[in-house]
file input_8.txt (compact mmCIF, C-alpha atoms)
# COMPACT_ATOMS: atom_id res chain seq x y z
CA MET A 1 110.73 58.08 -62.52
CA THR A 2 109.92 54.61 -62.19
CA GLU A 3 110.70 54.97 -61.48
CA GLU A 4 114.05 54.05 -61.52
CA SER A 5 116.04 56.73 -59.80
CA GLY A 6 119.12 56.68 -57.66
CA TRP A 7 120.68 58.94 -55.09
CA LYS A 8 124.44 58.79 -54.73
CA HIS A 9 125.04 55.06 -54.63
CA SER A 10 124.94 53.52 -58.10
CA ASP A 11 127.37 51.80 -60.44
CA ASP A 12 124.68 51.18 -63.08
CA PRO A 13 124.59 53.16 -66.37
CA HIS A 14 123.12 56.47 -65.31
CA ILE A 15 122.84 60.17 -65.96
CA VAL A 16 124.12 62.50 -63.25
CA LEU A 17 121.81 65.37 -62.43
CA THR A 18 122.85 68.94 -63.05
CA ALA A 19 120.84 72.07 -62.24
CA LYS A 20 119.73 72.14 -65.90
CA GLY A 21 118.62 68.52 -65.65
CA MET A 22 116.70 69.18 -62.46
CA ARG A 23 114.84 72.06 -64.07
CA ALA A 24 113.98 69.87 -67.05
CA MET A 25 112.70 67.06 -64.82
CA ALA A 26 110.84 69.27 -62.35
CA HIS A 27 107.58 68.58 -64.17
CA PRO A 28 105.36 65.57 -63.40
CA VAL A 29 104.70 64.77 -67.07
CA ARG A 30 108.41 64.69 -67.92
CA MET A 31 109.12 62.48 -64.94
CA GLN A 32 106.44 60.07 -66.17
CA LEU A 33 107.74 60.12 -69.75
CA VAL A 34 111.24 59.13 -68.69
CA GLY A 35 109.77 56.45 -66.44
CA LEU A 36 107.68 54.97 -69.26
CA LEU A 37 110.61 54.88 -71.69
CA ARG A 38 112.84 53.21 -69.10
CA LYS A 39 110.19 50.71 -68.13
CA HIS A 40 108.74 49.78 -71.54
CA GLY A 41 111.46 50.76 -74.01
CA PRO A 42 111.35 53.03 -77.08
CA SER A 43 108.08 54.63 -78.08
CA THR A 44 106.53 57.49 -80.04
CA ALA A 45 105.02 60.71 -78.77
CA THR A 46 101.61 59.50 -79.93
CA ARG A 47 101.79 56.25 -77.97
CA LEU A 48 103.16 57.97 -74.89
CA ALA A 49 100.42 60.61 -75.10
CA GLU A 50 97.78 57.86 -75.12
CA GLN A 51 99.27 56.29 -72.01
CA LEU A 52 99.29 59.62 -70.15
CA GLY A 53 95.98 60.97 -71.46
CA LEU A 54 97.65 63.93 -73.19
CA ASN A 55 97.73 65.21 -76.75
CA SER A 56 100.73 64.27 -78.87
CA GLY A 57 101.74 67.91 -79.38
CA ALA A 58 102.25 68.49 -75.66
CA THR A 59 104.04 65.16 -75.33
CA SER A 60 106.38 66.00 -78.23
CA TYR A 61 107.22 69.32 -76.57
CA HIS A 62 108.12 67.63 -73.28
CA LEU A 63 110.21 65.00 -75.08
CA ARG A 64 112.20 67.73 -76.85
CA GLN A 65 112.87 69.44 -73.52
CA LEU A 66 114.03 66.14 -72.05
CA ALA A 67 116.26 65.51 -75.07
CA ALA A 68 117.89 68.93 -74.67
CA ALA A 69 118.80 67.95 -71.09
CA GLY A 70 120.10 64.49 -72.08
CA PHE A 71 117.36 62.33 -70.53
CA VAL A 72 115.96 60.97 -73.81
CA GLU A 73 117.15 60.73 -77.40
CA GLU A 74 115.72 59.88 -80.78
CA ASP A 75 115.85 56.21 -81.70
CA ALA A 76 117.13 56.56 -85.26
CA GLU A 77 116.89 52.82 -85.96
CA ARG A 78 113.11 52.85 -85.38
CA GLY A 79 112.28 56.30 -86.67
CA THR A 80 110.58 56.86 -90.01
CA GLY A 81 109.86 59.93 -92.06
CA ARG A 82 106.40 60.09 -90.55
CA GLU A 83 107.05 59.21 -86.92
CA ARG A 84 109.84 59.89 -84.46
CA TRP A 85 110.72 57.26 -81.88
CA TRP A 86 112.27 58.13 -78.53
CA ARG A 87 114.35 56.12 -76.08
CA SER A 88 116.00 56.62 -72.71
CA PRO A 89 119.74 55.96 -72.92
CA HIS A 90 120.04 55.54 -69.14
CA ARG A 91 118.43 53.22 -66.60
CA LEU A 92 118.99 55.53 -63.65
CA THR A 93 119.17 59.17 -62.67
CA VAL A 94 121.68 59.93 -59.91
CA TRP A 95 122.18 63.07 -57.86
CA THR A 96 125.76 63.47 -56.65
CA GLY A 97 126.03 67.24 -56.29
CA ASP A 98 125.38 67.96 -52.63
CA ASP A 99 126.32 71.64 -53.09
CA MET A 100 123.45 72.14 -55.54
CA ALA A 101 120.93 72.22 -52.69
CA ASP A 102 122.83 75.20 -51.21
CA GLU A 103 123.26 76.99 -54.53
CA GLU A 104 119.79 76.38 -56.02
CA PRO A 105 117.43 75.18 -53.27
CA GLU A 106 114.28 76.03 -55.25
CA THR A 107 115.48 74.02 -58.25
CA VAL A 108 116.32 71.03 -56.07
CA GLY A 109 113.05 71.33 -54.17
CA GLY A 110 111.02 71.41 -57.39
CA PHE A 111 112.80 68.34 -58.71
CA LEU A 112 112.34 66.38 -55.48
CA ARG A 113 108.62 67.23 -55.41
CA SER A 114 108.31 65.77 -58.92
CA VAL A 115 110.12 62.63 -57.78
CA LEU A 116 107.75 62.31 -54.83
CA ALA A 117 104.73 62.80 -57.10
CA ALA A 118 106.02 60.01 -59.38
CA HIS A 119 106.52 57.70 -56.39
CA THR A 120 102.99 58.46 -55.20
CA LEU A 121 101.58 57.50 -58.62
CA VAL A 122 103.47 54.18 -58.52
CA ALA A 123 102.01 53.35 -55.11
CA GLN A 124 98.51 54.45 -56.12
CA ARG A 125 98.54 52.28 -59.26
CA ALA A 126 99.61 49.26 -57.22
CA LEU A 127 96.94 49.81 -54.58
CA ASP A 128 94.25 50.37 -57.23
CA ALA A 129 95.01 46.83 -58.43
CA PHE A 130 95.32 45.34 -54.92
CA GLU A 131 91.93 43.60 -54.87
CA THR A 132 92.63 41.72 -58.09
CA MET A 133 96.25 40.79 -57.37
CA PRO A 134 97.09 37.10 -56.95
CA ARG A 135 97.13 36.19 -53.27
CA GLU A 136 100.88 35.48 -53.25
CA TRP A 137 101.55 39.04 -54.44
CA ARG A 138 98.96 40.72 -52.18
CA LYS A 139 100.71 39.39 -49.08
CA GLU A 140 104.02 40.89 -50.28
CA VAL A 141 102.70 44.46 -50.53
CA GLN A 142 104.40 46.44 -47.78
CA LEU A 143 103.87 50.04 -46.70
CA SER A 144 105.87 50.71 -43.57
CA ASP A 145 107.75 53.49 -41.86
CA MET A 146 109.90 53.86 -38.78
CA LEU A 147 111.58 56.73 -37.00
CA LEU A 148 115.32 56.38 -36.36
CA GLN A 149 117.68 58.63 -34.40
CA LEU A 150 120.62 59.16 -36.76
CA THR A 151 123.49 61.50 -37.50
CA PRO A 152 123.88 62.76 -41.08
CA GLU A 153 126.77 60.32 -41.51
CA GLU A 154 124.64 57.42 -40.31
CA ALA A 155 121.82 58.44 -42.67
CA GLU A 156 124.25 58.43 -45.60
CA ARG A 157 125.54 55.00 -44.59
CA LEU A 158 121.97 53.70 -44.31
CA SER A 159 121.16 54.95 -47.83
CA GLY A 160 124.26 53.24 -49.20
CA GLU A 161 123.49 49.96 -47.44
CA LEU A 162 119.90 49.95 -48.71
CA SER A 163 121.16 50.54 -52.26
CA GLU A 164 123.62 47.65 -51.90
CA VAL A 165 120.81 45.29 -50.86
CA ILE A 166 118.58 46.39 -53.76
CA ARG A 167 121.42 45.86 -56.27
CA ARG A 168 121.55 42.18 -55.33
CA TYR A 169 118.22 41.66 -57.08
CA ARG A 170 117.36 41.50 -60.77
CA ARG A 171 116.47 44.75 -62.51
CA VAL A 172 113.70 44.89 -65.07
CA GLY A 173 115.35 44.55 -68.47
CA ALA A 174 118.55 42.98 -67.14
CA GLU A 175 120.24 40.35 -69.29
CA GLY A 176 119.93 36.70 -68.39
CA PRO A 177 117.11 34.28 -67.64
CA VAL A 178 114.02 35.50 -65.81
CA PRO A 179 112.50 33.00 -63.34
CA GLU A 180 108.96 31.86 -64.03
CA GLY A 181 106.45 33.68 -61.87
CA SER A 182 108.49 36.86 -61.59
CA GLU A 183 106.80 40.25 -62.03
CA PRO A 184 108.03 43.86 -62.01
CA VAL A 185 108.21 45.08 -58.40
CA SER A 186 108.61 48.75 -57.49
CA VAL A 187 110.92 49.42 -54.54
CA VAL A 188 110.67 53.02 -53.30
CA VAL A 189 113.13 54.17 -50.63
CA HIS A 190 112.78 57.46 -48.74
CA VAL A 191 115.32 58.61 -46.15
CA LEU A 192 113.80 61.83 -44.82
CA PRO A 193 114.90 63.92 -41.82
CA ASP A 194 111.83 64.42 -39.64
CA PRO A 195 111.10 68.18 -39.28
CA LYS A 196 110.73 69.41 -35.71
CA GLU A 197 107.21 70.25 -34.58
CA GLY A 198 106.26 73.79 -35.56
CA GLU A 199 108.95 74.13 -38.23
CA THR A 200 107.87 75.82 -41.45
CA GLU A 201 109.59 76.04 -44.80

call {"tool": "encode", "arguments": {"input": "input_8.txt", "output": "structure tokens"}}
result
Amino acid sequence: MTEESGWKHSDDPHIVLTAKGMRAMAHPVRMQLVGLLRKHGPSTATRLAEQLGLNSGATSYHLRQLAAAGFVEEDAERGTGRERWWRSPHRLTVWTGDDMADEEPETVGGFLRSVLAAHTLVAQRALDAFETMPREWRKEVQLSDMLLQLTPEEAERLSGELSEVIRRYRRVGAEGPVPEGSEPVSVVVHVLPDPKEGETE
């Protein structure tokens, strides 16, 4: 969702997911809309529609659904009688309700598939621009995976430690000076139990 999303380990201003929120976000367009507002700041349905290749009517509908769930809100300071501006009041979305996966597995599964689709788009956009990237950035592109043998407790500790490392670095939009030569960098973290061979959903 830029694709700034969190799991359980965040002290940053965030919105905590509920089942209602998951249902609202379980749509690729809505995930992208929240991501664009968090990344680029307030915008209108018309401008967002142009970025996503949609019509403004459909975009306005999705923004209203997101507003009803608390993910976006109208930016009254920018709005005019002719045009409504929207903003995201949170930098992160955090899931803390472990029981939700037991109570509403289809809702959680739909939401996580939308998150994965958003992450895939981020990676695809970066790789589409790979050939024209400056050399110093091309050599920093990393796509790697490894298989670990962990207990659930160890996996939770790993997720927390990774989040702690990421928090040491500057977020896009953070206050304070920005070093010359810095660029937005997407960091996508997946901690996924590896299904046994032959398992089906």

call {"tool": "atom_distance", "arguments": {"input": "input_8.txt", "atom1": "atom CA of A:Tyr169", "atom2": "atom CA of A:Leu121"}}
result
23.0 Å

call {"tool": "residues_around", "arguments": {"input": "input_8.txt", "residues": "stretch 63-66 of chain A", "least_positions_apart": "2", "cutoff": "12 Å", "atoms": "all atoms listed in the file", "output": "PyMOL selection string"}}
result
chain A and resi 20-27+29-37+43-46+48-49+56-61+68-74+84-89

call {"tool": "closest_residue", "arguments": {"input": "input_8.txt", "among": "A:Ala126, A:Val115, A:Val191, A:Leu92", "to": "A:Arg171", "atoms": "all atoms listed in the file"}}
result
A:Leu92

call {"tool": "closest_residue", "arguments": {"input": "input_8.txt", "among": "A:Pro184, A:Leu192, A:Leu17, A:Arg47", "to": "A:Thr96", "atoms": "only C-alpha atoms"}}
result
A:Leu17

call {"tool": "closest_residue", "arguments": {"input": "input_8.txt", "among": "A:Gly181, A:His14, A:Gln51, A:His190", "to": "A:Glu156", "atoms": "all atoms listed in the file"}}
result
A:His190

call {"tool": "axis_aligned_box", "arguments": {"input": "input_8.txt", "around": "stretch 43-57 of chain A", "padding_each_side": "4 Å", "output": "AutoDock Vina command-line options"}}
result
--center_x 102.0 --center_y 61.3 --center_z -75.1 --size_x 20.1 --size_y 21.3 --size_z 17.9

call {"tool": "closest_residue", "arguments": {"input": "input_8.txt", "among": "A:Leu143, A:Lys196, A:Val189, A:Arg91", "to": "A:Leu162", "atoms": "all atoms listed in the file"}}
result
A:Val189

call {"tool": "residues_near_point", "arguments": {"input": "input_8.txt", "point": "(102.2, 50.3, -53.1)", "cutoff": "8 Å", "atoms": "all atoms listed in the file", "output": "list in words"}}
result
Val122, Ala123, Gln124, Arg125, Ala126, Leu127, Val141, Gln142, Leu143 and Ser186 of chain A

call {"tool": "decode", "arguments": {"input": "input_8.txt", "residues": "stretch 53-121 of chain A", "atoms": "C-alpha atoms", "output": "mmCIF file, in the first residue's frame"}}
result
data_model
loop_
_atom_site.group_PDB
_atom_site.id
_atom_site.type_symbol
_atom_site.label_atom_id
_atom_site.label_comp_id
_atom_site.auth_asym_id
_atom_site.auth_seq_id
_atom_site.Cartn_x
_atom_site.Cartn_y
_atom_site.Cartn_z
ATOM 1 C CA GLY A 53 -5.961 4.875 -15.699
ATOM 2 C CA LEU A 54 -9.512 4.908 -14.306
ATOM 3 C CA ASN A 55 -12.469 7.244 -14.640
ATOM 4 C CA SER A 56 -13.013 9.772 -11.870
ATOM 5 C CA GLY A 57 -16.448 8.368 -11.012
ATOM 6 C CA ALA A 58 -15.038 4.956 -10.115
ATOM 7 C CA THR A 59 -12.178 6.566 -8.212
ATOM 8 C CA SER A 60 -14.588 8.763 -6.224
ATOM 9 C CA TYR A 61 -16.605 5.671 -5.292
ATOM 10 C CA HIS A 62 -13.522 3.852 -4.003
ATOM 11 C CA LEU A 63 -12.396 6.933 -2.055
ATOM 12 C CA ARG A 64 -15.789 7.150 -0.337
ATOM 13 C CA GLN A 65 -15.553 3.480 0.647
ATOM 14 C CA LEU A 66 -12.076 4.068 2.040
ATOM 15 C CA ALA A 67 -13.295 7.133 3.947
ATOM 16 C CA ALA A 68 -16.116 5.116 5.524
ATOM 17 C CA ALA A 69 -13.490 2.679 6.840
ATOM 18 C CA GLY A 70 -11.166 5.447 8.112
ATOM 19 C CA PHE A 71 -8.311 5.056 5.610
ATOM 20 C CA VAL A 72 -8.758 8.433 3.902
ATOM 21 C CA GLU A 73 -10.520 11.690 4.703
ATOM 22 C CA GLU A 74 -11.455 14.889 2.933
ATOM 23 C CA ASP A 75 -8.822 17.613 3.054
ATOM 24 C CA ALA A 76 -11.082 20.541 3.936
ATOM 25 C CA GLU A 77 -8.255 23.090 3.706
ATOM 26 C CA ARG A 78 -7.684 22.286 0.019
ATOM 27 C CA GLY A 79 -11.223 21.487 -1.033
ATOM 28 C CA THR A 80 -13.309 23.885 -3.097
ATOM 29 C CA GLY A 81 -16.931 23.940 -4.115
ATOM 30 C CA ARG A 82 -16.007 22.310 -7.393
ATOM 31 C CA GLU A 83 -13.410 19.749 -6.329
ATOM 32 C CA ARG A 84 -12.921 17.531 -3.305
ATOM 33 C CA TRP A 85 -9.414 16.806 -2.086
ATOM 34 C CA TRP A 86 -8.521 13.639 -0.212
ATOM 35 C CA ARG A 87 -5.699 12.787 2.170
ATOM 36 C CA SER A 88 -4.490 9.807 4.167
ATOM 37 C CA PRO A 89 -4.330 10.625 7.880
ATOM 38 C CA HIS A 90 -2.022 7.677 8.598
ATOM 39 C CA ARG A 91 1.398 6.625 7.332
ATOM 40 C CA LEU A 92 0.929 2.956 8.145
ATOM 41 C CA THR A 93 -1.654 0.216 8.337
ATOM 42 C CA VAL A 94 -1.057 -2.316 11.111
ATOM 43 C CA TRP A 95 -2.687 -5.670 11.751
ATOM 44 C CA THR A 96 -2.685 -6.620 15.430
ATOM 45 C CA GLY A 97 -5.718 -8.895 15.652
ATOM 46 C CA ASP A 98 -4.365 -12.425 15.383
ATOM 47 C CA ASP A 99 -7.804 -13.903 16.167
ATOM 48 C CA MET A 100 -9.279 -12.321 13.041
ATOM 49 C CA ALA A 101 -7.660 -14.971 10.848
ATOM 50 C CA ASP A 102 -9.566 -17.639 12.819
ATOM 51 C CA GLU A 103 -12.858 -15.748 12.840
ATOM 52 C CA GLU A 104 -12.845 -14.440 9.247
ATOM 53 C CA PRO A 105 -10.208 -16.320 7.228
ATOM 54 C CA GLU A 106 -11.721 -15.337 3.859
ATOM 55 C CA THR A 107 -11.668 -11.645 4.778
ATOM 56 C CA VAL A 108 -8.059 -11.842 5.930
ATOM 57 C CA GLY A 109 -7.060 -13.872 2.874
ATOM 58 C CA GLY A 110 -8.654 -11.349 0.508
ATOM 59 C CA PHE A 111 -6.882 -8.473 2.212
ATOM 60 C CA LEU A 112 -3.485 -10.206 2.153
ATOM 61 C CA ARG A 113 -3.889 -11.005 -1.559
ATOM 62 C CA SER A 114 -4.458 -7.293 -2.216
ATOM 63 C CA VAL A 115 -1.332 -6.459 -0.213
ATOM 64 C CA LEU A 116 0.665 -8.966 -2.238
ATOM 65 C CA ALA A 117 -0.704 -7.545 -5.502
ATOM 66 C CA ALA A 118 0.375 -4.041 -4.390
ATOM 67 C CA HIS A 119 3.860 -5.320 -3.514
ATOM 68 C CA THR A 120 4.114 -6.999 -6.915
ATOM 69 C CA LEU A 121 3.254 -3.711 -8.657
#
